[in-house]
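One file, my_file-v1.txt, carrying compact mmCIF, C-alpha atoms:
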# COMPACT_ATOMS: atom_id res chain seq x y z
CA MET A 1 28.47 -15.16 -23.70
CA TYR A 2 27.68 -16.11 -20.10
CA THR A 3 27.07 -19.85 -19.89
CA GLN A 4 26.24 -19.91 -16.16
CA LEU A 5 24.13 -16.74 -15.92
CA ASP A 6 20.74 -15.64 -17.18
CA ILE A 7 20.95 -11.90 -17.92
CA GLU A 8 17.98 -9.54 -17.99
CA SER A 9 18.02 -5.94 -19.16
CA HIS A 10 15.45 -3.36 -18.04
CA PHE A 11 14.69 0.35 -18.44
CA ASP A 12 16.47 0.75 -21.78
CA GLY A 13 19.55 -1.03 -20.51
CA LYS A 14 19.98 1.10 -17.39
CA LEU A 15 19.39 -1.95 -15.17
CA LYS A 16 21.14 -5.29 -15.66
CA ILE A 17 20.23 -8.33 -13.56
CA ALA A 18 22.38 -11.46 -13.50
CA TYR A 19 20.58 -14.59 -12.33
CA LEU A 20 22.69 -17.52 -11.16
CA ASN A 21 21.17 -20.21 -13.34
CA GLN A 22 21.89 -23.65 -11.90
CA PRO A 23 18.65 -24.30 -9.98
CA GLU A 24 19.29 -28.06 -9.84
CA THR A 25 22.19 -27.35 -7.42
CA MET A 26 20.48 -24.39 -5.72
CA ASN A 27 22.87 -22.22 -7.76
CA ALA A 28 26.01 -23.66 -6.21
CA LEU A 29 29.07 -21.70 -7.29
CA THR A 30 31.52 -23.19 -9.76
CA LYS A 31 34.62 -21.72 -11.34
CA PRO A 32 32.74 -20.95 -14.59
CA ALA A 33 29.92 -19.27 -12.64
CA LEU A 34 32.37 -17.18 -10.62
CA SER A 35 34.25 -16.13 -13.76
CA ASP A 36 31.02 -15.25 -15.56
CA LEU A 37 29.80 -13.18 -12.64
CA LYS A 38 33.13 -11.35 -12.34
CA ASP A 39 33.12 -10.55 -16.06
CA PHE A 40 29.49 -9.43 -15.91
CA ILE A 41 30.15 -7.01 -13.03
CA LYS A 42 33.25 -5.61 -14.74
CA GLU A 43 31.37 -5.11 -18.01
CA CYS A 44 28.50 -3.33 -16.27
CA SER A 45 30.93 -1.12 -14.38
CA GLU A 46 32.47 0.13 -17.62
CA ASP A 47 29.24 0.36 -19.67
CA GLU A 48 27.99 3.96 -19.52
CA THR A 49 24.45 2.84 -20.35
CA VAL A 50 24.22 0.69 -17.21
CA ARG A 51 23.24 2.61 -14.09
CA CYS A 52 22.39 -0.21 -11.67
CA VAL A 53 23.39 -3.87 -11.35
CA ALA A 54 21.60 -6.68 -9.51
CA ILE A 55 22.40 -10.32 -8.69
CA SER A 56 19.75 -12.96 -7.99
CA GLY A 57 19.12 -16.68 -8.41
CA ARG A 58 16.81 -18.79 -10.55
CA GLY A 59 14.67 -21.38 -8.83
CA ARG A 60 14.05 -21.61 -5.10
CA ALA A 61 17.49 -20.52 -3.88
CA PHE A 62 19.73 -17.50 -4.17
CA CYS A 63 22.96 -19.47 -3.80
CA SER A 64 23.97 -22.54 -1.81
CA GLY A 65 27.67 -21.64 -1.77
CA GLN A 66 30.62 -23.40 -3.33
CA ASN A 67 29.91 -26.52 -5.36
CA LEU A 68 31.78 -29.00 -3.16
CA ASP A 69 31.82 -31.73 -5.79
CA GLU A 70 33.86 -29.47 -8.06
CA ALA A 71 36.30 -28.44 -5.34
CA PHE A 72 36.99 -31.81 -3.78
CA VAL A 73 36.74 -34.08 -6.82
CA VAL A 74 39.17 -31.85 -8.73
CA GLY A 75 41.48 -31.79 -5.74
CA LYS A 76 41.39 -35.58 -5.41
CA GLU A 77 41.91 -36.23 -9.12
CA HIS A 78 44.97 -34.01 -9.32
CA HIS A 79 46.28 -34.60 -5.80
CA ASP A 80 46.35 -30.82 -5.48
CA HIS A 81 46.42 -29.96 -1.79
CA ASP A 82 46.18 -26.24 -2.58
CA ILE A 83 42.95 -26.52 -4.58
CA ILE A 84 40.82 -24.63 -2.04
CA ARG A 85 43.32 -21.78 -1.79
CA LYS A 86 43.51 -21.58 -5.57
CA ILE A 87 39.73 -21.40 -5.92
CA VAL A 88 39.57 -18.64 -3.29
CA VAL A 89 42.47 -16.62 -4.70
CA ASP A 90 41.81 -17.12 -8.40
CA TYR A 91 38.00 -17.02 -8.48
CA TYR A 92 36.41 -15.64 -5.32
CA ASN A 93 38.80 -12.81 -4.56
CA PRO A 94 38.62 -11.26 -8.04
CA LEU A 95 34.81 -11.37 -7.87
CA VAL A 96 34.78 -9.66 -4.46
CA THR A 97 37.12 -6.99 -5.82
CA GLU A 98 34.94 -6.32 -8.88
CA ILE A 99 31.74 -6.03 -6.83
CA THR A 100 33.22 -3.72 -4.23
CA ARG A 101 34.87 -1.40 -6.75
CA CYS A 102 32.02 -1.42 -9.30
CA LYS A 103 31.18 2.12 -10.41
CA LYS A 104 27.46 1.32 -10.24
CA PRO A 105 25.31 0.28 -7.27
CA VAL A 106 25.24 -3.51 -6.95
CA VAL A 107 22.10 -4.91 -5.33
CA ALA A 108 21.51 -8.48 -4.13
CA LEU A 109 17.99 -9.80 -4.73
CA VAL A 110 17.91 -12.72 -2.32
CA ASN A 111 15.00 -14.86 -3.44
CA GLY A 112 15.76 -17.89 -1.24
CA PRO A 113 18.46 -19.55 0.86
CA ALA A 114 21.88 -17.86 0.82
CA VAL A 115 24.45 -20.17 2.38
CA GLY A 116 28.20 -19.97 2.93
CA ALA A 117 29.82 -18.17 0.00
CA GLY A 118 26.28 -17.54 -1.27
CA ALA A 119 25.45 -15.57 1.87
CA MET A 120 28.63 -13.54 1.52
CA LEU A 121 27.99 -12.98 -2.19
CA ALA A 122 24.82 -11.17 -1.13
CA LEU A 123 26.35 -9.32 1.81
CA ILE A 124 29.28 -7.84 -0.14
CA CYS A 125 26.80 -6.12 -2.45
CA ASP A 126 25.92 -2.50 -1.72
CA PHE A 127 22.61 -3.54 -0.18
CA VAL A 128 20.32 -6.55 0.02
CA LEU A 129 16.62 -6.92 -0.78
CA ALA A 130 15.21 -10.22 0.45
CA ASN A 131 12.19 -12.45 0.07
CA ASN A 132 10.68 -13.22 3.48
CA LYS A 133 11.25 -16.94 2.78
CA ALA A 134 15.01 -16.38 2.39
CA TYR A 135 17.58 -17.17 5.04
CA PHE A 136 21.30 -16.57 5.49
CA SER A 137 23.85 -18.94 6.99
CA GLN A 138 27.60 -18.67 7.47
CA ALA A 139 27.82 -22.42 7.01
CA PHE A 140 31.59 -22.59 6.55
CA SER A 141 32.21 -23.92 10.07
CA ASN A 142 29.84 -26.84 9.43
CA ILE A 143 32.49 -28.39 7.15
CA GLY A 144 35.55 -27.07 8.97
CA LEU A 145 36.24 -23.97 6.91
CA ILE A 146 36.43 -20.23 7.62
CA PRO A 147 34.29 -17.49 6.06
CA ASP A 148 35.64 -16.41 2.68
CA THR A 149 34.21 -14.27 -0.15
CA GLY A 150 35.19 -11.27 1.97
CA GLY A 151 33.53 -12.70 5.08
CA THR A 152 36.39 -12.15 7.51
CA TYR A 153 36.60 -8.53 6.36
CA PHE A 154 32.94 -7.54 6.12
CA LEU A 155 31.17 -9.57 8.81
CA PRO A 156 32.84 -7.88 11.82
CA LYS A 157 32.20 -4.48 10.24
CA LEU A 158 28.56 -5.26 9.50
CA LEU A 159 27.77 -7.02 12.78
CA GLY A 160 30.44 -6.21 15.35
CA ARG A 161 32.93 -8.74 16.72
CA GLN A 162 30.63 -10.73 19.01
CA LEU A 163 27.81 -11.39 16.59
CA ALA A 164 30.21 -12.02 13.70
CA ASN A 165 31.99 -14.61 15.85
CA TYR A 166 28.71 -16.20 16.90
CA LEU A 167 27.34 -16.58 13.39
CA ALA A 168 30.67 -17.70 11.92
CA PHE A 169 31.37 -20.22 14.70
CA THR A 170 27.87 -21.74 14.80
CA GLY A 171 26.66 -21.42 11.21
CA LYS A 172 23.29 -20.35 12.62
CA LYS A 173 20.57 -19.69 10.07
CA LEU A 174 19.16 -16.18 10.14
CA SER A 175 15.75 -15.50 8.66
CA ALA A 176 15.36 -12.54 6.36
CA GLU A 177 13.65 -10.57 9.12
CA GLU A 178 16.38 -11.41 11.65
CA SER A 179 18.99 -10.40 9.09
CA LYS A 180 17.24 -7.08 8.63
CA SER A 181 17.18 -6.49 12.39
CA TYR A 182 20.97 -7.04 12.44
CA GLY A 183 21.54 -4.59 9.60
CA LEU A 184 22.47 -7.20 7.00
CA VAL A 185 19.38 -6.65 4.84
CA ALA A 186 17.87 -3.35 3.75
CA GLU A 187 14.32 -4.49 2.97
CA VAL A 188 12.28 -7.68 3.31
CA PHE A 189 9.20 -8.27 1.16
CA ASN A 190 6.52 -10.95 1.20
CA GLU A 191 7.00 -13.61 -1.47
CA GLU A 192 4.27 -12.27 -3.74
CA GLU A 193 5.56 -8.70 -3.43
CA PHE A 194 9.26 -9.43 -3.74
CA GLY A 195 9.46 -9.09 -7.53
CA PRO A 196 7.46 -5.89 -8.04
CA LYS A 197 8.68 -4.14 -4.88
CA SER A 198 12.31 -4.93 -5.66
CA MET A 199 11.87 -3.70 -9.21
CA GLU A 200 10.48 -0.39 -7.93
CA ILE A 201 13.68 0.15 -5.93
CA LEU A 202 15.90 -0.95 -8.81
CA GLU A 203 14.10 1.42 -11.18
CA LYS A 204 14.74 4.26 -8.76
CA MET A 205 18.42 3.31 -8.50
CA ALA A 206 18.67 3.14 -12.31
CA ASN A 207 17.53 6.76 -12.48
CA MET A 208 19.63 8.18 -9.64
CA PRO A 209 22.78 10.34 -10.11
CA THR A 210 25.11 7.38 -10.56
CA ALA A 211 28.31 9.45 -10.45
CA ALA A 212 27.49 10.63 -6.93
CA ILE A 213 26.71 7.06 -5.85
CA LYS A 214 30.10 5.93 -7.17
CA LEU A 215 31.80 8.65 -5.11
CA THR A 216 29.74 7.73 -2.04
CA LYS A 217 30.88 4.12 -2.38
CA LYS A 218 34.48 5.31 -2.60
CA ALA A 219 34.11 7.44 0.52
CA PHE A 220 32.53 4.63 2.53
CA ALA A 221 35.22 2.17 1.43
CA ASN A 222 38.00 4.51 2.54
CA SER A 223 36.34 5.11 5.91
CA TYR A 224 37.44 1.64 7.06
CA THR A 225 41.09 2.70 7.18
CA ASN A 226 41.08 6.52 7.28
CA THR A 227 41.42 8.66 10.36
CA LEU A 228 38.67 11.23 10.91
CA LYS A 229 40.99 13.94 9.59
CA GLU A 230 41.75 11.93 6.45
CA GLN A 231 38.10 11.14 5.90
CA LEU A 232 37.03 14.77 6.23
CA GLU A 233 39.67 15.77 3.70
CA LEU A 234 38.47 13.02 1.37
CA GLU A 235 34.87 14.23 1.76
CA GLY A 236 35.91 17.68 0.62
CA ASP A 237 37.70 16.31 -2.43
CA LEU A 238 34.89 13.96 -3.44
CA GLN A 239 32.20 16.56 -2.81
CA GLN A 240 33.97 18.91 -5.19
CA GLU A 241 34.19 16.11 -7.74
CA ALA A 242 30.45 15.47 -7.33
CA ALA A 243 29.69 19.18 -7.71
CA GLU A 244 31.42 19.17 -11.10
CA THR A 245 29.13 16.46 -12.54
CA GLU A 246 26.30 17.05 -14.98
CA ASP A 247 23.96 15.31 -12.54
CA PHE A 248 24.63 17.91 -9.84
CA ILE A 249 23.76 20.75 -12.21
CA GLU A 250 20.61 18.90 -13.28
CA GLY A 251 19.64 18.22 -9.66
CA VAL A 252 19.99 21.87 -8.66
CA ASN A 253 18.10 23.09 -11.74
CA ALA A 254 15.30 20.59 -11.18
CA PHE A 255 15.00 21.68 -7.55
CA LEU A 256 14.84 25.37 -8.46
CA GLN A 257 12.38 24.70 -11.29
CA LYS A 258 10.27 22.40 -9.08
CA ARG A 259 10.42 19.46 -11.51
CA LYS A 260 11.62 15.88 -11.46
CA PRO A 261 15.35 15.62 -12.31
CA ASN A 262 16.47 13.70 -15.37
CA TYR A 263 19.83 12.30 -14.35
CA LYS A 264 22.23 10.87 -16.92
CA GLY A 265 24.73 9.27 -14.55
CA LYS A 266 27.47 11.67 -15.66
Would you mind giving the structure from this file in structure tokens?
Amino acid sequence: MYTQLDIESHFDGKLKIAYLNQPETMNALTKPALSDLKDFIKECSEDETVRCVAISGRGRAFCSGQNLDEAFVVGKEHHDHDIIRKIVVDYYNPLVTEITRCKKPVVALVNGPAVGAGAMLALICDFVLANNKAYFSQAFSNIGLIPDTGGTYFLPKLLGRQLANYLAFTGKKLSAEESKSYGLVAEVFNEEEFGPKSMEILEKMANMPTAAIKLTKKAFANSYTNTLKEQLELEGDLQQEAAETEDFIEGVNAFLQKRKPNYKGK
């Protein structure tokens, strides 16, 4: 079904991992890869069995960004001066939308370099786990472009105006540890520990109360534009919605009975 992705399923289907699978180009993004990834995220969002989603890369890189041969050769062949805009609007923007509104937690497993759109693909996920050999670069300015893949929206919010400007203007490479110190990465693991340690976290996420996580994501997303009054009202509404889930009842019962909860994500 997915020609550009290698899909793994774990924990009885509760965890799905999509690996970008073009190691010969360091997993450079093409229109087929972007479409496959969008469809994968959408499918996982709607599949009640899936409780956690992850994105990673095969080979030595996470993602080297847009495949420039595809973009510029196509543009030259068809004399289409709007080719870049069309790729952004028709392929990148729908993917960003699917990731940010996915009903399940979406985790980036950054196993190597994440550059340009590849860096932003990781950073728009709900959180990032990184190999200590990985690095991140907003390399758009190196070829005269601006950050896309949600970069102009998320980078100032993640980093603040000054640091977002600095990284976007210079294309500076940030190591995994530097990225963690700036709040871009949640955890950094040594190369030999990256697989098993990441899987421990993903297994935990696959067994969490997914409905509450979905509502938390919704609350955080609305906080960007809400006033404090609006956000407090939203918290009340969403907390009531969370309290009406099966997972909340299970969580309370498990606490009172001093046992481990068995959440169903409902």
- [ ] Step by step: start from the point (19.8, -2.9, 1.2) in the file's coordinates, keep every protein, DNA or RNA residue that has an atom no farther than 6 Å from it, count all atoms listed in the file, and write the set as a ChimeraX atom specification.
- [x] /A:127-129,185-187
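Of the listed residues (A:Leu5, A:Thr149, A:Lys258, A:His10), A:His10 comes nearest to Glu200 (chain A); the distances count only C-alpha atoms.
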TODO: Could you check which of A:Ile146, A:Ile17, A:Glu98, A:Ala176 is closest to Ala164 (chain A), using all atoms listed in the file?
DONE: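 Result for the nearest residue to Ala164 (chain A): A:Ile146.
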TODO: Enter the distance from CA of Tyr182 (chain A) to CA of Arg60 (chain A), in Å, rounded to one decimal.
DONE: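 Separation between CA of Tyr182 (chain A) and CA of Arg60 (chain A): 23.8 Å.
Environment of (18.6, -7.7, -12.2): residues at most 7 Å away, judged by only C-alpha atoms, are Glu8, Leu15, Lys16, Ile17, Ala18, Val53, Ala54, Ile55 and Ser56 of chain A.
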Residue selection dump (C-alpha atoms) as a JSON list (two decimals), keeping the file's coordinate frame:
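Saved result, again30.json, follows:
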[["chain", "number", "residue", "atom", "x", "y", "z"],
["A", 8, "GLU", "CA", 17.98, -9.54, -17.99],
["A", 15, "LEU", "CA", 19.39, -1.95, -15.17],
["A", 16, "LYS", "CA", 21.14, -5.29, -15.66],
["A", 17, "ILE", "CA", 20.23, -8.33, -13.56],
["A", 18, "ALA", "CA", 22.38, -11.46, -13.50],
["A", 53, "VAL", "CA", 23.39, -3.87, -11.35],
["A", 54, "ALA", "CA", 21.60, -6.68, -9.51],
["A", 55, "ILE", "CA", 22.40, -10.32, -8.69],
["A", 56, "SER", "CA", 19.75, -12.96, -7.99]]
- [ ] Find the distance between CA of Ala211 (chain A) and CA of Ala122 (chain A) and write it in Å to one decimal.
- [x]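 We find that CA of Ala211 (chain A) and CA of Ala122 (chain A) lie 22.9 Å from each other.
As for CA of Glu246 (chain A) and CA of Lys104 (chain A), they are spaced 16.5 Å apart.
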Open item on the list: Given all atoms listed in the file as the basis, pick out the residue of A:Asn21, A:Asn131, A:Ser64, A:Thr3 nearest to Ser35 (chain A).
Closed with: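 Among the listed residues, the smallest separation from Ser35 (chain A) belongs to A:Thr3.
For the set A:Leu238, A:Ile201, A:Ala254, A:Ala108, the residue with the smallest atom-to-atom gap to Ile213 (chain A) is A:Leu238, counting all atoms listed in the file.
By all atoms listed in the file, and with residues fewer than 3 positions from Cys63 (chain A) along its chain excluded, the set lying at most 8 Å from it is A:Leu20, A:Met26, A:Asn27, A:Ala28, A:Leu29, A:Gly57, A:Gly112, A:Pro113, A:Ala114, A:Val115, A:Ala117, A:Gly118, A:Ala119.
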Open item on the list: Counting only C-alpha atoms, which residue out of A:Val252, A:Val88, A:Leu228, A:Ala219 sits closest to Leu145 (chain A)?
Closed with: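 Using only C-alpha atoms, the shortest distance to Leu145 (chain A) belongs to A:Val88.
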Task: Selection near Pro261 (chain A), 12 Å with all atoms listed in the file, sequence-local residues under 6 positions removed, as a ChimeraX atom specification - done: /A:204,207-209,246-255
- [ ] Go through A:Thr30, A:Asn111, A:Ser179, A:Ser137 one by one, measure the shortest atom-to-atom distance of each to Tyr92 (chain A) using all atoms listed in the file, and give the residue with the smallest value.
- [x]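 Of the candidates, the smallest distance to Tyr92 (chain A) is held by A:Thr30.
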